[in-house]
Every structure is written in structure tokens, then in C-alpha cells.
Amino acid sequence: MRGNRKNWLAGYVVVKVKGDYPERFFELCARNGIKTWDIIKQDSQTCTGRILKNDVPLLRQLKRRTIYKIYFKNKFGLPFQLQSLSKQKPFMIGVFLAFLSIFFLSNVIWRIDIVGLDNEMEKKVTDKLQTYGVTIGNFQWNVASPLEIQKQLLEDIPELLWIGVNKQGSAFHLEGVEKTIVEKEEELGPAHIVANKEGVIADIYAENGQPLVKPNDVVAKGDRLISGIMGNEENEQTDDEENDKKEEKKRTLTSAKGEVIAKVWYRSEIEIPLEENYSTLTGEYKKRNYVKVFKWKIPIFSLSTPFEDVHQDIEEKDIYFLKWKLPITWIKEMNYERESKLEKRTVEEAREFAKKQAQIQLLRNLPKDAEILEEKVLHEREENGKVKITLYYTVLENIAKRQPINQGD
Amino acid sequence: MKKIKKKIIEVFSRSFELPSEVTLKLPRITLIGSIHAYIENHDGLVVFSNDKLVLDVYQGRVHITGKNFVLKMMLEHEILLEGDISDVRYEPVESKHQGEEGL
């Protein structure tokens, strides 16, 4: 029985042999390694038997050496049934279309869920998603990866504190957390303005409170600049705490507010090598597409040779069939030509460069309204192919910092 | 010389209890009731019809007679016969040439 099933899978044919002693032909088959079965002698001139479909060509060869006449009668088995099936074109087209539609529908975005945001934000997010192409009905391969969408959303909507983008089959799940911007209370209670850095006062503007310093005064860090205590000035200056407290109760306390612009000095050291190796992209690029099946990458329409030195951006897209991820992925590869350059600088150039760099670095650490007044080279040294510069900066910046007044309760 | 060789093999197979169909090229005929006959180690088919099967074997021929014979399987040295077997006869032949001429 098992043998029968195996034969059925391989396909077999009924052979009718005519001639004298027809059984001898089957004997010849057996000698040549052709398996035969169900041999019946119908009369002295005819004999039928069965052989595998794969043995038919060999049987034909054997027949040429003999005088027997051979007729193929019936065909059985899977290969023949498939053959007859494939002849029914409408059916085959139907099967093909069904698979094709399932395949396409599996790769469509069917649902976008947004959780954790209020209506307004949700609308914003959906609008943004629309511009990225993440809409219901779009194909998944037209859309960037969830990680990238996440990054883009966070960049484009500053109100979002965090958003998680998750793809589950044909649905996108977004979970967002909104930034709750706490409005700073303007009237926070009594406070002083103190210096947060040491410097020389250039300008003072007290919006509220009593200024204690004048331009050109030198202040240390933590010095009181604008007092939140209105009233007697002499008592304030004294550091006698107990006296102060007594007096304070009589005086009005206010929340001091104002700007104190001061000259502040910074010292920065920077080292610039005279020779530097760096790589830049030349702007030349080549796009390559691959279809990756299991481990093999098959290039598509791109047989050009890549550059010698390349920077690669690889984007891989999964393709789904129903819920299963197919072992086929679409790979987009961008090859940017990279060029490494060796730059040599003269000492002069290195110094200029160092200054520029130092300024950039300094401004990065300062508030936006700070202004560099003056720049001085304190020290310059060249050693081991490097230029070492110590710079001194005079910067105008706001040094005001709020300090609440402790009311003792 | 041939006879001596044959004798040696006979003694050899007997003393080591080797199956004789392997060492002596003899056919092995297995009957299952009267419906199946399984013949191994034959040298070729001579006659096959509805009621008769004649096989060449080493130094002889095997005649099987009966009714409704079908060869269920045929490989180079194996045959499975199905049908109503009534008779299995062994016929020693001195020279095998006759059978080979028949082919």
C-alpha cells in the first residue's frame, strides 16, 4: 500500500506490450533497472504492466532494440493530475489571483491606533502620520520603519514627550505621552536676585525690588544683586541675622525681578592638530535594490560596481503573507561615495581654526543672549604637530538668579 | 577444478552457517499460503502467462503453475507472484544454455 502511494506521487503509466513472448520485454526492463509491477498476461501476444513515469524515456530506448510494439494506455498519479489541472486556465488564474490578493492585502496598513493622547494631539499625530504616508490603506513597504516614524514624530511635534510606535501585523499602535508644560507661577513669593557667576556689573535693570549694586561693581557668586526687601537699606546691609529678621517683618517683602548684565571671563584651552585626516561624502551616490531570500541577496537592476570607500544606508523591509513574515525582504541600499582627505594647516590657519572652535564651544554653553565682547590669546604653543592655544574671553551675560527669601516658617 | 571449488564453498558455508542462497547463488522461494510466491535470486524469467511462471535459476528452472497469475512486482532478481498457486516444481538442468538461448 505504501509502495502504491509512493508510485502515485511519482506518477505511473500502464504499458501494453504486443509481440511474441511479451513477458520477456518486462524481463528486459527488470534487467535494466526499470521497476515494473502488476504484470498481467492477457493472451499469448499481449501483456500489460505498470512503470513509473520517470522510467518512460528509458523504456523507449529499450524498445528500439526489440521488435515489441508498445502502447501507453492510462496515466495515473499526481504529476498527471497536476498537468491536467494546469490545463484548466481559468482555474489556475483564479488560484493565482487569490494568492496575489492575499499577498497584497497582507501588506496593507489596516489600522492605526493612538493611545494616551487627547483629541487635539491625536489629530496632530494623525495629520503628521498622513504626511509620512502612514494611512489606512497604504502599503507597508511605502512606509518607513516604526523606529524612524517614532523619531520623526518626536522631531515634528515638540509637544510630545515620548511616543512609542509599534507595528503588529497590519496594524500600527501608537502610544504617546504629552508634555505637560507647567506654567511658571509669576508670583512665587518673596525672593532676591543673586549672582550666579562672578563678574563685573555692566548694566542693571531692576523691574521689581531694590538694586544693591551699581555698574562696575565686582560681584562674587552668590552675592545679592537685587533685594526683595523694600525699605530700610542700612539694616539690610548688616549681616546680623536676628536683627534682620525682626526688621524684615516690618518691611514689605517682594519678589525681586530684573536683569543684571555683567562682564564675565572665561578661559578656554584648545588643541588643534596641524595635520588632520577626515572623510567627507563627495555627493556621488548609487542606489541599489535587493531582494533578499533567506540568506541570499539578489540585486535588482543594479550591477554597477560600488565605490571604493562607501558610506552605506541600508533599509530593510519585511514582506508579509497573512500574519507570517516571509523570508523575503526588500532591501534598499544607498551607497554614498566617501573621500578621505588629509588636511594640512599652517600654524596661522590652525590658530584661526582654534579660535573659531573655541568660540563655538563657548557659545554652546552660554545662554542665547550672551555676547562675546573680547577675545585674547593668552598663550600659544606648538608641539608634536599640534597647536595649543589658551584663550581668554570677556562675555556680557545675564547673571541674575532667583533666590527665595526664607521667611522662617 | 570447478567441482573442487563448489565443494569448498559448500563446506565453507555449512561450517560457518552462512545462508546457502547467498553463497551458493540458490533461489529463495517464499510462499505465503497459496496466494503469494516471492522468488529471490532467480536468473531470469522464461515464461509467464495467466496460469504458468517459469524462472531460470542457478542450475535449474522453477515451474509454478496455478490460476489468475499477476506479477505484483518485478525487479532484477526478485519477483512477487500473486494468484492461486497450485504447484511449485523444481527442474534441474545440467546446462543452463538452453534458458539463455530462449531469451
# chains A, B, ... in the order shown; residues from 1 in each chain; ligands from 1
call {"tool": "interface_residues", "arguments": {"of": "chain A", "to": "chain B", "cutoff": "9 Å", "atoms": "only C-alpha atoms", "output": "ChimeraX atom specification"}}
result
/A:21-24,26-44,47,49
call {"tool": "write_last_selection", "arguments": {"atoms": "N, CA and C atoms", "output": "CSV table (one decimal), in the first residue's frame"}}
result
chain,number,residue,atom,x,y,z
A,21,TYR,N,6.0,-13.7,-26.9
A,21,TYR,CA,6.6,-13.7,-25.5
A,21,TYR,C,6.7,-12.3,-25.0
A,22,PRO,N,5.5,-11.7,-24.8
A,22,PRO,CA,5.6,-10.2,-24.4
A,22,PRO,C,6.2,-10.1,-23.0
A,23,GLU,N,6.1,-11.2,-22.2
A,23,GLU,CA,6.6,-11.1,-20.8
A,23,GLU,C,8.2,-10.9,-20.8
A,24,ARG,N,8.8,-11.3,-21.9
A,24,ARG,CA,10.2,-11.2,-21.9
A,24,ARG,C,10.7,-9.7,-22.0
A,26,PHE,N,9.3,-7.4,-20.2
A,26,PHE,CA,9.3,-6.9,-18.9
A,26,PHE,C,10.6,-7.4,-18.1
A,27,GLU,N,11.0,-8.6,-18.6
A,27,GLU,CA,12.2,-9.2,-18.0
A,27,GLU,C,13.4,-8.3,-18.4
A,28,LEU,N,13.4,-7.8,-19.6
A,28,LEU,CA,14.4,-6.9,-20.1
A,28,LEU,C,14.4,-5.6,-19.3
A,29,CYS,N,13.2,-5.2,-19.0
A,29,CYS,CA,13.1,-4.0,-18.2
A,29,CYS,C,13.7,-4.2,-16.8
A,30,ALA,N,13.4,-5.3,-16.2
A,30,ALA,CA,13.9,-5.6,-14.9
A,30,ALA,C,15.4,-5.6,-14.9
A,31,ARG,N,16.0,-6.2,-15.9
A,31,ARG,CA,17.5,-6.3,-16.1
A,31,ARG,C,18.1,-4.9,-16.2
A,32,ASN,N,17.3,-4.0,-16.7
A,32,ASN,CA,17.9,-2.6,-16.9
A,32,ASN,C,17.5,-1.7,-15.8
A,33,GLY,N,16.9,-2.2,-14.8
A,33,GLY,CA,16.7,-1.4,-13.6
A,33,GLY,C,15.4,-0.7,-13.6
A,34,ILE,N,14.5,-1.0,-14.5
A,34,ILE,CA,13.2,-0.4,-14.5
A,34,ILE,C,12.2,-1.2,-13.7
A,35,LYS,N,11.7,-0.6,-12.7
A,35,LYS,CA,10.8,-1.3,-11.8
A,35,LYS,C,9.4,-1.5,-12.5
A,36,THR,N,8.9,-2.7,-12.5
A,36,THR,CA,7.6,-2.9,-13.1
A,36,THR,C,6.7,-3.7,-12.1
A,37,TRP,N,5.4,-3.5,-12.2
A,37,TRP,CA,4.5,-4.2,-11.3
A,37,TRP,C,3.1,-4.4,-12.0
A,38,ASP,N,2.4,-5.2,-11.3
A,38,ASP,CA,1.0,-5.6,-11.8
A,38,ASP,C,1.0,-6.1,-13.3
A,39,ILE,N,1.9,-7.0,-13.5
A,39,ILE,CA,2.0,-7.5,-14.9
A,39,ILE,C,1.0,-8.6,-15.1
A,40,ILE,N,0.2,-8.5,-16.1
A,40,ILE,CA,-0.9,-9.5,-16.4
A,40,ILE,C,-0.7,-9.9,-17.9
A,41,LYS,N,-0.8,-11.1,-18.1
A,41,LYS,CA,-0.7,-11.6,-19.5
A,41,LYS,C,-2.2,-11.8,-19.9
A,42,GLN,N,-2.5,-11.0,-20.9
A,42,GLN,CA,-3.9,-11.1,-21.4
A,42,GLN,C,-4.1,-12.2,-22.4
A,43,ASP,N,-3.2,-12.3,-23.3
A,43,ASP,CA,-3.2,-13.5,-24.2
A,43,ASP,C,-1.8,-13.8,-24.6
A,44,SER,N,-1.6,-14.7,-25.5
A,44,SER,CA,-0.2,-15.1,-25.8
A,44,SER,C,0.6,-13.9,-26.5
A,47,CYS,N,0.5,-8.3,-23.2
A,47,CYS,CA,0.9,-8.3,-21.7
A,47,CYS,C,0.8,-6.8,-21.3
A,49,GLY,N,1.5,-4.0,-18.0
A,49,GLY,CA,2.2,-3.8,-16.8
A,49,GLY,C,2.3,-2.3,-16.5
call {"tool": "select_by_dssp", "arguments": {"residues": "segment 141-340 of chain A", "states": "strand (DSSP E)", "output": "number ranges by chain"}}
result
A: 160-168, 171-178, 191-195, 199-208, 210-211, 218-219, 224-227, 229-230, 252-253, 257-273, 275-293, 296-300, 310-321, 324-340
call {"tool": "closest_residue", "arguments": {"among": "A:Asp113, A:Glu333, A:Glu315, A:Glu271", "to": "Gly176 of chain A", "atoms": "only C-alpha atoms"}}
result
A:Asp113
call {"tool": "closest_residue", "arguments": {"among": "B:Leu18, B:Ile8, B:Ile85, B:Val93", "to": "Ser34 of chain B", "atoms": "only C-alpha atoms"}}
result
B:Ile85
call {"tool": "closest_residue", "arguments": {"among": "A:Lys341, A:Lys221, A:Lys376, A:His173", "to": "Tyr266 of chain A", "atoms": "only C-alpha atoms"}}
result
A:Lys376
call {"tool": "closest_residue", "arguments": {"among": "B:Glu40, B:Leu24, B:Pro19, B:Leu31", "to": "Lys5 of chain B", "atoms": "only C-alpha atoms"}}
result
B:Leu24
call {"tool": "atom_distance", "arguments": {"atom1": "atom CA of Leu391 of chain A", "atom2": "atom CA of Ile261 of chain A"}}
result
22.0 Å
call {"tool": "residues_around", "arguments": {"residues": "Arg61 of chain B", "least_positions_apart": "2", "cutoff": "10 Å", "atoms": "only C-alpha atoms", "output": "list of chain:residue names"}}
result
B:Pro27, B:His42, B:Asp43, B:Gly44, B:Leu45, B:Val46, B:Val54, B:Leu55, B:Asp56, B:Val57, B:Tyr58, B:Gln59, B:His63, B:Ile64, B:Arg89, B:Tyr90, B:Glu91, B:Pro92, B:Val93, B:Lys96, B:Gly99
call {"tool": "atom_distance", "arguments": {"atom1": "atom CA of Tyr12 of chain A", "atom2": "atom CA of Ile51 of chain A"}}
result
5.6 Å
call {"tool": "select_by_dssp", "arguments": {"residues": "chain B", "states": "helix (DSSP H, G or I)", "output": "PyMOL selection string"}}
result
chain B and resi 2-16+20-23+97-102
call {"tool": "write_last_selection", "arguments": {"atoms": "N, CA, C and O atoms", "output": "mmCIF file, in the first residue's frame"}}
result
data_model
loop_
_atom_site.group_PDB
_atom_site.id
_atom_site.type_symbol
_atom_site.label_atom_id
_atom_site.label_comp_id
_atom_site.auth_asym_id
_atom_site.auth_seq_id
_atom_site.Cartn_x
_atom_site.Cartn_y
_atom_site.Cartn_z
ATOM 1 N N LYS B 2 36.324 -27.066 -11.026
ATOM 2 C CA LYS B 2 35.072 -26.420 -10.642
ATOM 3 C C LYS B 2 34.386 -27.171 -9.508
ATOM 4 O O LYS B 2 33.808 -26.572 -8.598
ATOM 5 N N LYS B 3 34.462 -28.483 -9.636
ATOM 6 C CA LYS B 3 33.809 -29.310 -8.618
ATOM 7 C C LYS B 3 34.461 -29.123 -7.260
ATOM 8 O O LYS B 3 33.784 -29.038 -6.226
ATOM 9 N N ILE B 4 35.779 -29.017 -7.297
ATOM 10 C CA ILE B 4 36.511 -28.820 -6.033
ATOM 11 C C ILE B 4 36.092 -27.490 -5.407
ATOM 12 O O ILE B 4 35.818 -27.385 -4.213
ATOM 13 N N LYS B 5 35.992 -26.482 -6.275
ATOM 14 C CA LYS B 5 35.639 -25.143 -5.790
ATOM 15 C C LYS B 5 34.245 -25.153 -5.153
ATOM 16 O O LYS B 5 34.012 -24.592 -4.073
ATOM 17 N N LYS B 6 33.341 -25.835 -5.838
ATOM 18 C CA LYS B 6 31.973 -25.924 -5.346
ATOM 19 C C LYS B 6 31.920 -26.608 -3.984
ATOM 20 O O LYS B 6 31.235 -26.179 -3.059
ATOM 21 N N LYS B 7 32.677 -27.687 -3.912
ATOM 22 C CA LYS B 7 32.744 -28.448 -2.658
ATOM 23 C C LYS B 7 33.248 -27.559 -1.514
ATOM 24 O O LYS B 7 32.697 -27.531 -0.421
ATOM 25 N N ILE B 8 34.317 -26.820 -1.832
ATOM 26 C CA ILE B 8 34.922 -25.968 -0.794
ATOM 27 C C ILE B 8 33.886 -24.975 -0.281
ATOM 28 O O ILE B 8 33.717 -24.783 0.926
ATOM 29 N N ILE B 9 33.168 -24.343 -1.230
ATOM 30 C CA ILE B 9 32.176 -23.346 -0.827
ATOM 31 C C ILE B 9 31.089 -23.979 0.023
ATOM 32 O O ILE B 9 30.643 -23.403 1.032
ATOM 33 N N GLU B 10 30.683 -25.208 -0.389
ATOM 34 C CA GLU B 10 29.646 -25.904 0.371
ATOM 35 C C GLU B 10 30.069 -26.141 1.812
ATOM 36 O O GLU B 10 29.339 -25.842 2.762
ATOM 37 N N VAL B 11 31.265 -26.668 1.922
ATOM 38 C CA VAL B 11 31.801 -26.957 3.252
ATOM 39 C C VAL B 11 31.922 -25.663 4.052
ATOM 40 O O VAL B 11 31.559 -25.575 5.222
ATOM 41 N N PHE B 12 32.409 -24.649 3.365
ATOM 42 C CA PHE B 12 32.618 -23.344 3.982
ATOM 43 C C PHE B 12 31.313 -22.782 4.537
ATOM 44 O O PHE B 12 31.214 -22.383 5.692
ATOM 45 N N SER B 13 30.288 -22.828 3.719
ATOM 46 C CA SER B 13 29.014 -22.228 4.148
ATOM 47 C C SER B 13 28.373 -23.067 5.254
ATOM 48 O O SER B 13 27.685 -22.540 6.117
ATOM 49 N N ARG B 14 28.595 -24.370 5.191
ATOM 50 C CA ARG B 14 27.995 -25.211 6.227
ATOM 51 C C ARG B 14 28.675 -24.980 7.581
ATOM 52 O O ARG B 14 28.020 -24.837 8.603
ATOM 53 N N SER B 15 29.988 -24.874 7.505
ATOM 54 C CA SER B 15 30.711 -24.749 8.768
ATOM 55 C C SER B 15 30.492 -23.381 9.414
ATOM 56 O O SER B 15 30.561 -23.243 10.621
ATOM 57 N N PHE B 16 30.255 -22.379 8.583
ATOM 58 C CA PHE B 16 30.034 -21.042 9.171
ATOM 59 C C PHE B 16 28.563 -20.679 9.277
ATOM 60 O O PHE B 16 28.217 -19.560 9.605
ATOM 61 N N SER B 20 22.569 -20.374 2.559
ATOM 62 C CA SER B 20 23.052 -21.007 1.325
ATOM 63 C C SER B 20 22.646 -20.251 0.074
ATOM 64 O O SER B 20 23.299 -20.343 -0.943
ATOM 65 N N GLU B 21 21.534 -19.486 0.153
ATOM 66 C CA GLU B 21 21.151 -18.771 -1.073
ATOM 67 C C GLU B 21 22.146 -17.669 -1.409
ATOM 68 O O GLU B 21 22.240 -17.233 -2.546
ATOM 69 N N VAL B 22 22.891 -17.231 -0.391
ATOM 70 C CA VAL B 22 23.870 -16.183 -0.660
ATOM 71 C C VAL B 22 25.137 -16.782 -1.237
ATOM 72 O O VAL B 22 25.658 -16.342 -2.256
ATOM 73 N N THR B 23 25.623 -17.830 -0.580
ATOM 74 C CA THR B 23 26.916 -18.381 -1.000
ATOM 75 C C THR B 23 26.797 -19.249 -2.239
ATOM 76 O O THR B 23 27.706 -19.280 -3.056
ATOM 77 N N HIS B 97 22.462 -23.343 -20.788
ATOM 78 C CA HIS B 97 22.495 -22.622 -22.065
ATOM 79 C C HIS B 97 21.137 -22.515 -22.708
ATOM 80 O O HIS B 97 20.825 -21.509 -23.340
ATOM 81 N N GLN B 98 20.324 -23.557 -22.486
ATOM 82 C CA GLN B 98 19.013 -23.572 -23.119
ATOM 83 C C GLN B 98 18.200 -22.322 -22.748
ATOM 84 O O GLN B 98 17.604 -21.682 -23.596
ATOM 85 N N GLY B 99 18.205 -22.044 -21.473
ATOM 86 C CA GLY B 99 17.425 -20.909 -20.996
ATOM 87 C C GLY B 99 17.918 -19.601 -21.579
ATOM 88 O O GLY B 99 17.126 -18.751 -21.993
ATOM 89 N N GLU B 100 19.186 -19.449 -21.653
ATOM 90 C CA GLU B 100 19.732 -18.187 -22.155
ATOM 91 C C GLU B 100 19.492 -18.018 -23.631
ATOM 92 O O GLU B 100 19.294 -16.904 -24.125
ATOM 93 N N GLU B 101 19.481 -19.159 -24.355
ATOM 94 C CA GLU B 101 19.174 -19.085 -25.777
ATOM 95 C C GLU B 101 17.742 -18.593 -25.987
ATOM 96 O O GLU B 101 17.464 -17.841 -26.901
ATOM 97 N N GLY B 102 16.902 -19.066 -25.114
ATOM 98 C CA GLY B 102 15.494 -18.697 -25.209
ATOM 99 C C GLY B 102 15.294 -17.187 -25.109
ATOM 100 O O GLY B 102 14.385 -16.644 -25.726
#
call {"tool": "residues_around", "arguments": {"residues": "segment 349-355 of chain A", "least_positions_apart": "2", "cutoff": "8 Å", "atoms": "only C-alpha atoms", "output": "VMD selection string"}}
result
chain A and resid 270 to 274 345 to 347 357 to 359 387 389 391
call {"tool": "residues_around", "arguments": {"residues": "Leu396 of chain A", "least_positions_apart": "4", "cutoff": "9 Å", "atoms": "only C-alpha atoms", "output": "list of chain:residue names"}}
result
A:Ala202, A:Ile261, A:Ala262, A:Lys263, A:Val264, A:Trp265, A:Asp369, A:Ala370, A:Glu371, A:Ile372, A:Leu373
call {"tool": "atom_distance", "arguments": {"atom1": "atom CA of Pro215 of chain A", "atom2": "atom CA of Tyr392 of chain A"}}
result
22.0 Å
call {"tool": "residues_around", "arguments": {"residues": "Arg111 of chain A", "least_positions_apart": "3", "cutoff": "10 Å", "atoms": "only C-alpha atoms", "output": "list of chain:residue names"}}
result
A:Val108, A:Ile114, A:Val134, A:Thr135, A:Ile136, A:Gly137, A:Gln168, A:Gly169, A:Ser170, A:Ala171, A:Phe172, A:His173
call {"tool": "closest_residue", "arguments": {"among": "A:Glu380, A:Lys356, A:Glu397, A:Lys286", "to": "Met334 of chain A", "atoms": "only C-alpha atoms"}}
result
A:Lys286
call {"tool": "closest_residue", "arguments": {"among": "A:Trp141, A:Pro158, A:Lys18, A:Gly258", "to": "Asp203 of chain A", "atoms": "only C-alpha atoms"}}
result
A:Gly258
